[in-house]
Amino acid sequence: MHVPTLIARKRDGEELNQQEIQSLIDDFVTGEVVDAQMASFAMAVYFKGMSPAETAALTFAMLNSGETFSFPNAHPPIVDKHSTGGIGDKVSLILAPLVACCGCWIPMVSGRGLGITGGTLDKMESIPGFRVDLSISRATEQLQEIGVVMMGQTDRFCPADKKLYALRDVTATVPSIPLITASIMSKKLAETLQRLVLDVKYGSGAFMKTIEEAHLLAESMIAVGKQMNVEVSVEMNPMEEPLGHAVGNALEVIEAIDCMRGNDSPDLMALVLSQAEKITHLPKEKLQAYLASGACWEKFCALIHAQGGNPDDLLLLSKIHQAPVIHEFRAEKSGTIHRVDAGACGQASLLLGAGRNKSTDAIDPRVGFDQIVKVGTCVNAGDLLMRIHATSPEQVLQAVSSISSAIEIRA
Ligand code: URA
């Protein structure tokens with residue numbers, strides 16, 4: 001294979017065959033195809049796109065670039081979910097133990113936050129001792145024991161995606177539907193699952209700003225799932241206001257724990273239930289019963305214990321991760337909450353240190369927002385709109401200025 005010719009053909013809009021894509025990815029992983037060539041290829045894909053067959057071939061090549069999960073012959077349904085990322089999206093933290101209660105196995109391989117979107121791994125790591133660096137063999141044992149694993153991508157799990165995503169991140173080639181599809185679906189399909197629910201977000205706090213773009217991504221991912229014989233269901237969910245009442249790593253874990261212990265965040269729980277219903281094939285009433293009986297909470301505690309944490313710490317997280325300054329942000333006038341802009345809240349939480357601008361940045365688990373008011377709520381002047389958890393009074397001032405324009409109250 002002459003790589004410059006292959007890149008030129010893609011640059012000129014030609015369709016590549018499965019063998020060509022497979023060789024490109026294989027040689028990229030070994031280093032024979034160098035970063036400059038792969039970056040040029042990614043840019044060619046960014047401009048010229050890929051056919052469904054090419055996207056499937058790229059996904060297949062990436063998923064087979066490393067280890068995949070394999071299971072004994074008779075096993076329960078293997079299921080998972082993926083969200084394209086939102087602000088305050090802690091659905092996975094509740095959904096994973098919930099579907100394990102239903103007898104499914106959920107080998108959830110998640111990512112870290114980047115930019116305004118948070119990452120499940122960062123949230124889970126705010127639980128002291130919780131380890132996400134499991135090997136696939138340990139993860140498989142844990143599935144047999146408790147039915148649920150929440151882990152990170154190891155160096156041997158989809159290494160082609162790890163390498164390509166890092167390159168896309170610094171070459172302005174992340175927002176390409178075929179590249180996003182292959183990246184997301186390769187990691188999920190390497191879990192060797194049977195059912196997958198995709199939560200494709202659109203709006204100010206999402207990767208895809210319009211519902212039209214979100215539809216294109218959804219269709220592309222469904223097509224790849226079909227080719228691989230995986231039952232893929234999709235939800236398109238708006239991300240105009242933060243999900244639930246908290247944004248920030250420890251603060252989101254605290255909210256998820258509250259939900260598992262009976263305190264509802266209705267918009268959050270609606271997504272948990274609808275997504276769990278799609279992958280467990282059980283009715284909502286049955287799922288609600290696992291929440292109400294405490295079974296889901298017990299499963300979450302078992303998960304924390306299995307991965308090195310102490311379940312006793314879970315109810316102490318607000319003390320363990322207490323931010324130095326907690327500021328109550330209150331309404332200046334009375335009226336109805338018309339807008340709580342998710343994108344602006346995400347940006348403000350990034351500035352507080354809850355997220356990272358580049359993949360090597362550290363995050364602060366203590367900071368963010370909680371008790372966030374919901375759109376449609378009637379408020380009086382002086383009512384609490386949210387609490388800002390920050391490391392200094394200066395940070396609070398900065399957050400107040402961003403949040404003030406994110407919230408709109410109409411008389
Ligand atoms: N998340 C991923 O895992 N990959 C992408 O390309 C975009 C978002």
# chains A, B, ... in the order shown; residues from 1 in each chain; ligands from 1

call {"tool": "residues_around", "arguments": {"residues": "Lys187 of chain A", "least_positions_apart": "3", "cutoff": "8 Å", "atoms": "only C-alpha atoms", "output": "ChimeraX atom specification"}}
result
/A:63,109,157-158,161,183-184,190-191

call {"tool": "residues_near_ligand", "arguments": {"ligand": "ligand 1", "cutoff": "10 Å", "atoms": "only C-alpha atoms and all ligand atoms", "output": "number ranges by chain"}}
result
A: 82-85, 110-114, 117, 161-162, 164-166, 168-169, 173-188, 207

call {"tool": "closest_residue", "arguments": {"among": "A:Leu271, A:Ala406, A:Met150, A:Ala53", "to": "His338 of chain A", "atoms": "only C-alpha atoms"}}
result
A:Ala406

call {"tool": "closest_residue", "arguments": {"among": "A:Gln194, A:Ser65, A:Asn237, A:Asn229", "to": "Ile279 of chain A", "atoms": "only C-alpha atoms"}}
result
A:Gln194

call {"tool": "select_by_dssp", "arguments": {"residues": "segment 210-403 of chain A", "states": "strand (DSSP E)", "output": "NGL selection string"}}
result
:A and (231-238 or 325-330 or 335-340 or 368-370 or 378-379 or 384-390)

call {"tool": "closest_residue", "arguments": {"among": "A:Leu303, A:Ala295, A:Leu143, A:Leu282", "to": "Ser70 of chain A", "atoms": "only C-alpha atoms"}}
result
A:Leu143

call {"tool": "residues_around", "arguments": {"residues": "segment 21-36 of chain A", "least_positions_apart": "6", "cutoff": "7 Å", "atoms": "only C-alpha atoms", "output": "number ranges by chain"}}
result
A: 57-58, 61-62, 65, 160

call {"tool": "write_last_selection", "arguments": {"atoms": "N, CA, C and O atoms", "output": "PDB file, in the first residue's frame"}}
result
ATOM      1  N   ALA A  57     -16.013  -0.117   7.842  1.00  0.00           N
ATOM      2  CA  ALA A  57     -14.675  -0.734   7.730  1.00  0.00           C
ATOM      3  C   ALA A  57     -13.707  -0.076   8.712  1.00  0.00           C
ATOM      4  O   ALA A  57     -12.890  -0.749   9.360  1.00  0.00           O
ATOM      5  N   LEU A  58     -13.814   1.245   8.841  1.00  0.00           N
ATOM      6  CA  LEU A  58     -12.924   1.956   9.781  1.00  0.00           C
ATOM      7  C   LEU A  58     -13.230   1.520  11.217  1.00  0.00           C
ATOM      8  O   LEU A  58     -12.329   1.263  12.022  1.00  0.00           O
ATOM      9  N   ALA A  61     -11.895  -2.005  11.773  1.00  0.00           N
ATOM     10  CA  ALA A  61     -10.419  -2.018  11.872  1.00  0.00           C
ATOM     11  C   ALA A  61      -9.989  -1.484  13.238  1.00  0.00           C
ATOM     12  O   ALA A  61      -9.075  -2.024  13.870  1.00  0.00           O
ATOM     13  N   MET A  62     -10.662  -0.441  13.708  1.00  0.00           N
ATOM     14  CA  MET A  62     -10.266   0.151  14.997  1.00  0.00           C
ATOM     15  C   MET A  62     -10.632  -0.767  16.160  1.00  0.00           C
ATOM     16  O   MET A  62      -9.873  -0.920  17.113  1.00  0.00           O
ATOM     17  N   SER A  65      -8.146  -3.467  16.604  1.00  0.00           N
ATOM     18  CA  SER A  65      -6.731  -3.077  16.751  1.00  0.00           C
ATOM     19  C   SER A  65      -6.182  -3.509  18.109  1.00  0.00           C
ATOM     20  O   SER A  65      -4.992  -3.386  18.368  1.00  0.00           O
ATOM     21  N   ALA A 160      -5.978   1.902  18.281  1.00  0.00           N
ATOM     22  CA  ALA A 160      -6.039   2.760  17.091  1.00  0.00           C
ATOM     23  C   ALA A 160      -6.873   3.999  17.393  1.00  0.00           C
ATOM     24  O   ALA A 160      -6.537   5.113  16.983  1.00  0.00           O
TER      25      ALA A 160
END

call {"tool": "atom_distance", "arguments": {"atom1": "atom CA of Leu352 of chain A", "atom2": "atom CA of Ala172 of chain A"}}
result
25.0 Å

call {"tool": "closest_residue", "arguments": {"among": "A:Leu217, A:Ile326, A:Leu189, A:Val400", "to": "Val230 of chain A", "atoms": "only C-alpha atoms"}}
result
A:Leu189

call {"tool": "residues_around", "arguments": {"residues": "segment 357-365 of chain A", "least_positions_apart": "6", "cutoff": "6 Å", "atoms": "only C-alpha atoms", "output": "VMD selection string"}}
result
chain A and resid 115 126 249 to 250

call {"tool": "atom_distance", "arguments": {"atom1": "atom CA of Ala218 of chain A", "atom2": "atom CA of Val232 of chain A"}}
result
9.9 Å

call {"tool": "atom_distance", "arguments": {"atom1": "atom CA of Ile372 of chain A", "atom2": "atom CA of Ala246 of chain A"}}
result
6.3 Å

call {"tool": "residues_around", "arguments": {"residues": "Val379 of chain A", "least_positions_apart": "4", "cutoff": "12 Å", "atoms": "only C-alpha atoms", "output": "list of chain:residue names"}}
result
A:Arg330, A:Ala331, A:Glu332, A:Lys333, A:Ser334, A:Gly335, A:Thr336, A:Ile337, A:His338, A:Val373, A:Lys374, A:Val375, A:Asp383, A:Leu384, A:Leu385, A:Glu408, A:Ile409, A:Arg410, A:Ala411

call {"tool": "closest_residue", "arguments": {"among": "A:Ile211, A:Ala276, A:Met108, A:Ser318", "to": "Gln142 of chain A", "atoms": "only C-alpha atoms"}}
result
A:Met108

call {"tool": "closest_residue", "arguments": {"among": "A:Glu67, A:Glu241, A:Glu285, A:Glu252", "to": "Ala344 of chain A", "atoms": "only C-alpha atoms"}}
result
A:Glu241

call {"tool": "decode", "arguments": {"residues": "segment 64-80 of chain A", "atoms": "all heavy atoms", "output": "PDB file, in the first residue's frame"}}
result
ATOM      1  N   ASN A  64     -10.780  -3.941  16.135  1.00  0.00           N
ATOM      2  CA  ASN A  64      -9.890  -5.114  16.146  1.00  0.00           C
ATOM      3  C   ASN A  64      -8.421  -4.738  16.304  1.00  0.00           C
ATOM      4  O   ASN A  64      -7.556  -5.599  16.151  1.00  0.00           O
ATOM      5  CB  ASN A  64     -10.095  -5.920  14.862  1.00  0.00           C
ATOM      6  CG  ASN A  64     -11.379  -6.720  14.953  1.00  0.00           C
ATOM      7  OD1 ASN A  64     -11.679  -7.302  15.990  1.00  0.00           O
ATOM      8  ND2 ASN A  64     -12.168  -6.707  13.896  1.00  0.00           N
ATOM      9  N   SER A  65      -8.146  -3.467  16.604  1.00  0.00           N
ATOM     10  CA  SER A  65      -6.731  -3.077  16.751  1.00  0.00           C
ATOM     11  C   SER A  65      -6.182  -3.509  18.109  1.00  0.00           C
ATOM     12  O   SER A  65      -4.992  -3.386  18.368  1.00  0.00           O
ATOM     13  CB  SER A  65      -6.586  -1.562  16.567  1.00  0.00           C
ATOM     14  OG  SER A  65      -7.246  -0.871  17.615  1.00  0.00           O
ATOM     15  N   GLY A  66      -7.044  -3.993  18.993  1.00  0.00           N
ATOM     16  CA  GLY A  66      -6.565  -4.404  20.318  1.00  0.00           C
ATOM     17  C   GLY A  66      -7.422  -5.516  20.882  1.00  0.00           C
ATOM     18  O   GLY A  66      -8.098  -6.240  20.138  1.00  0.00           O
ATOM     19  N   GLU A  67      -7.387  -5.610  22.209  1.00  0.00           N
ATOM     20  CA  GLU A  67      -8.163  -6.673  22.885  1.00  0.00           C
ATOM     21  C   GLU A  67      -9.652  -6.339  22.854  1.00  0.00           C
ATOM     22  O   GLU A  67     -10.023  -5.161  22.876  1.00  0.00           O
ATOM     23  CB  GLU A  67      -7.775  -6.718  24.365  1.00  0.00           C
ATOM     24  CG  GLU A  67      -6.393  -7.235  24.641  1.00  0.00           C
ATOM     25  CD  GLU A  67      -6.092  -7.217  26.144  1.00  0.00           C
ATOM     26  OE1 GLU A  67      -6.879  -6.635  26.927  1.00  0.00           O
ATOM     27  OE2 GLU A  67      -5.070  -7.784  26.506  1.00  0.00           O
ATOM     28  N   THR A  68     -10.454  -7.375  22.831  1.00  0.00           N
ATOM     29  CA  THR A  68     -11.899  -7.166  22.967  1.00  0.00           C
ATOM     30  C   THR A  68     -12.402  -8.076  24.091  1.00  0.00           C
ATOM     31  O   THR A  68     -11.713  -9.031  24.466  1.00  0.00           O
ATOM     32  CB  THR A  68     -12.648  -7.514  21.657  1.00  0.00           C
ATOM     33  OG1 THR A  68     -12.326  -8.861  21.317  1.00  0.00           O
ATOM     34  CG2 THR A  68     -12.256  -6.603  20.515  1.00  0.00           C
ATOM     35  N   PHE A  69     -13.568  -7.774  24.592  1.00  0.00           N
ATOM     36  CA  PHE A  69     -14.153  -8.647  25.614  1.00  0.00           C
ATOM     37  C   PHE A  69     -14.580  -9.964  24.967  1.00  0.00           C
ATOM     38  O   PHE A  69     -15.057  -9.975  23.827  1.00  0.00           O
ATOM     39  CB  PHE A  69     -15.396  -7.994  26.231  1.00  0.00           C
ATOM     40  CG  PHE A  69     -15.088  -7.022  27.338  1.00  0.00           C
ATOM     41  CD1 PHE A  69     -14.768  -5.696  27.058  1.00  0.00           C
ATOM     42  CD2 PHE A  69     -15.100  -7.426  28.668  1.00  0.00           C
ATOM     43  CE1 PHE A  69     -14.481  -4.800  28.075  1.00  0.00           C
ATOM     44  CE2 PHE A  69     -14.814  -6.538  29.696  1.00  0.00           C
ATOM     45  CZ  PHE A  69     -14.503  -5.215  29.396  1.00  0.00           C
ATOM     46  N   SER A  70     -14.381 -11.062  25.681  1.00  0.00           N
ATOM     47  CA  SER A  70     -15.001 -12.312  25.209  1.00  0.00           C
ATOM     48  C   SER A  70     -15.634 -12.983  26.423  1.00  0.00           C
ATOM     49  O   SER A  70     -15.128 -12.849  27.549  1.00  0.00           O
ATOM     50  CB  SER A  70     -14.002 -13.215  24.520  1.00  0.00           C
ATOM     51  OG  SER A  70     -12.974 -13.523  25.393  1.00  0.00           O
ATOM     52  N   PHE A  71     -16.725 -13.654  26.179  1.00  0.00           N
ATOM     53  CA  PHE A  71     -17.533 -14.169  27.283  1.00  0.00           C
ATOM     54  C   PHE A  71     -17.759 -15.666  27.120  1.00  0.00           C
ATOM     55  O   PHE A  71     -17.690 -16.185  25.998  1.00  0.00           O
ATOM     56  CB  PHE A  71     -18.883 -13.433  27.314  1.00  0.00           C
ATOM     57  CG  PHE A  71     -18.728 -11.944  27.506  1.00  0.00           C
ATOM     58  CD1 PHE A  71     -18.920 -11.054  26.450  1.00  0.00           C
ATOM     59  CD2 PHE A  71     -18.342 -11.432  28.741  1.00  0.00           C
ATOM     60  CE1 PHE A  71     -18.748  -9.691  26.626  1.00  0.00           C
ATOM     61  CE2 PHE A  71     -18.172 -10.062  28.919  1.00  0.00           C
ATOM     62  CZ  PHE A  71     -18.368  -9.191  27.861  1.00  0.00           C
ATOM     63  N   PRO A  72     -18.043 -16.364  28.230  1.00  0.00           N
ATOM     64  CA  PRO A  72     -18.375 -17.783  28.121  1.00  0.00           C
ATOM     65  C   PRO A  72     -19.622 -17.954  27.253  1.00  0.00           C
ATOM     66  O   PRO A  72     -20.385 -16.998  27.059  1.00  0.00           O
ATOM     67  CB  PRO A  72     -18.667 -18.193  29.571  1.00  0.00           C
ATOM     68  CG  PRO A  72     -18.846 -16.923  30.337  1.00  0.00           C
ATOM     69  CD  PRO A  72     -18.110 -15.863  29.602  1.00  0.00           C
ATOM     70  N   ASN A  73     -19.839 -19.170  26.746  1.00  0.00           N
ATOM     71  CA  ASN A  73     -20.930 -19.399  25.797  1.00  0.00           C
ATOM     72  C   ASN A  73     -22.297 -18.943  26.280  1.00  0.00           C
ATOM     73  O   ASN A  73     -22.994 -18.208  25.597  1.00  0.00           O
ATOM     74  CB  ASN A  73     -21.010 -20.887  25.440  1.00  0.00           C
ATOM     75  CG  ASN A  73     -20.027 -21.174  24.310  1.00  0.00           C
ATOM     76  OD1 ASN A  73     -19.594 -20.229  23.648  1.00  0.00           O
ATOM     77  ND2 ASN A  73     -19.668 -22.428  24.132  1.00  0.00           N
ATOM     78  N   ALA A  74     -22.678 -19.378  27.483  1.00  0.00           N
ATOM     79  CA  ALA A  74     -23.989 -18.959  27.994  1.00  0.00           C
ATOM     80  C   ALA A  74     -23.769 -17.779  28.927  1.00  0.00           C
ATOM     81  O   ALA A  74     -23.155 -17.937  29.976  1.00  0.00           O
ATOM     82  CB  ALA A  74     -24.632 -20.110  28.746  1.00  0.00           C
ATOM     83  N   HIS A  75     -24.225 -16.645  28.508  1.00  0.00           N
ATOM     84  CA  HIS A  75     -24.070 -15.465  29.366  1.00  0.00           C
ATOM     85  C   HIS A  75     -25.313 -14.596  29.247  1.00  0.00           C
ATOM     86  O   HIS A  75     -26.048 -14.675  28.251  1.00  0.00           O
ATOM     87  CB  HIS A  75     -22.807 -14.680  28.991  1.00  0.00           C
ATOM     88  CG  HIS A  75     -22.793 -14.211  27.562  1.00  0.00           C
ATOM     89  ND1 HIS A  75     -23.581 -13.195  27.107  1.00  0.00           N
ATOM     90  CD2 HIS A  75     -22.100 -14.645  26.482  1.00  0.00           C
ATOM     91  CE1 HIS A  75     -23.376 -13.010  25.823  1.00  0.00           C
ATOM     92  NE2 HIS A  75     -22.493 -13.881  25.414  1.00  0.00           N
ATOM     93  N   PRO A  76     -25.538 -13.747  30.242  1.00  0.00           N
ATOM     94  CA  PRO A  76     -26.703 -12.856  30.164  1.00  0.00           C
ATOM     95  C   PRO A  76     -26.511 -11.845  29.024  1.00  0.00           C
ATOM     96  O   PRO A  76     -25.400 -11.737  28.490  1.00  0.00           O
ATOM     97  CB  PRO A  76     -26.690 -12.134  31.522  1.00  0.00           C
ATOM     98  CG  PRO A  76     -25.684 -12.809  32.353  1.00  0.00           C
ATOM     99  CD  PRO A  76     -24.757 -13.543  31.457  1.00  0.00           C
ATOM    100  N   PRO A  77     -27.554 -11.096  28.673  1.00  0.00           N
ATOM    101  CA  PRO A  77     -27.386 -10.071  27.639  1.00  0.00           C
ATOM    102  C   PRO A  77     -26.290  -9.083  28.039  1.00  0.00           C
ATOM    103  O   PRO A  77     -26.241  -8.633  29.189  1.00  0.00           O
ATOM    104  CB  PRO A  77     -28.748  -9.373  27.607  1.00  0.00           C
ATOM    105  CG  PRO A  77     -29.701 -10.314  28.248  1.00  0.00           C
ATOM    106  CD  PRO A  77     -28.927 -11.165  29.196  1.00  0.00           C
ATOM    107  N   ILE A  78     -25.427  -8.768  27.082  1.00  0.00           N
ATOM    108  CA  ILE A  78     -24.369  -7.779  27.323  1.00  0.00           C
ATOM    109  C   ILE A  78     -24.885  -6.462  26.738  1.00  0.00           C
ATOM    110  O   ILE A  78     -25.228  -6.413  25.540  1.00  0.00           O
ATOM    111  CB  ILE A  78     -23.039  -8.160  26.620  1.00  0.00           C
ATOM    112  CG1 ILE A  78     -22.679  -9.638  26.836  1.00  0.00           C
ATOM    113  CG2 ILE A  78     -21.922  -7.233  27.051  1.00  0.00           C
ATOM    114  CD1 ILE A  78     -22.268 -10.015  28.209  1.00  0.00           C
ATOM    115  N   VAL A  79     -24.943  -5.438  27.562  1.00  0.00           N
ATOM    116  CA  VAL A  79     -25.586  -4.191  27.142  1.00  0.00           C
ATOM    117  C   VAL A  79     -24.725  -2.991  27.550  1.00  0.00           C
ATOM    118  O   VAL A  79     -23.879  -3.104  28.433  1.00  0.00           O
ATOM    119  CB  VAL A  79     -26.988  -4.053  27.794  1.00  0.00           C
ATOM    120  CG1 VAL A  79     -27.873  -5.248  27.470  1.00  0.00           C
ATOM    121  CG2 VAL A  79     -26.894  -3.878  29.309  1.00  0.00           C
ATOM    122  N   ASP A  80     -24.970  -1.864  26.909  1.00  0.00           N
ATOM    123  CA  ASP A  80     -24.295  -0.634  27.345  1.00  0.00           C
ATOM    124  C   ASP A  80     -25.030   0.564  26.762  1.00  0.00           C
ATOM    125  O   ASP A  80     -25.945   0.417  25.943  1.00  0.00           O
ATOM    126  CB  ASP A  80     -22.819  -0.631  26.913  1.00  0.00           C
ATOM    127  CG  ASP A  80     -21.985   0.360  27.733  1.00  0.00           C
ATOM    128  OD1 ASP A  80     -22.530   0.986  28.667  1.00  0.00           O
ATOM    129  OD2 ASP A  80     -20.784   0.513  27.434  1.00  0.00           O
TER     130      ASP A  80
END
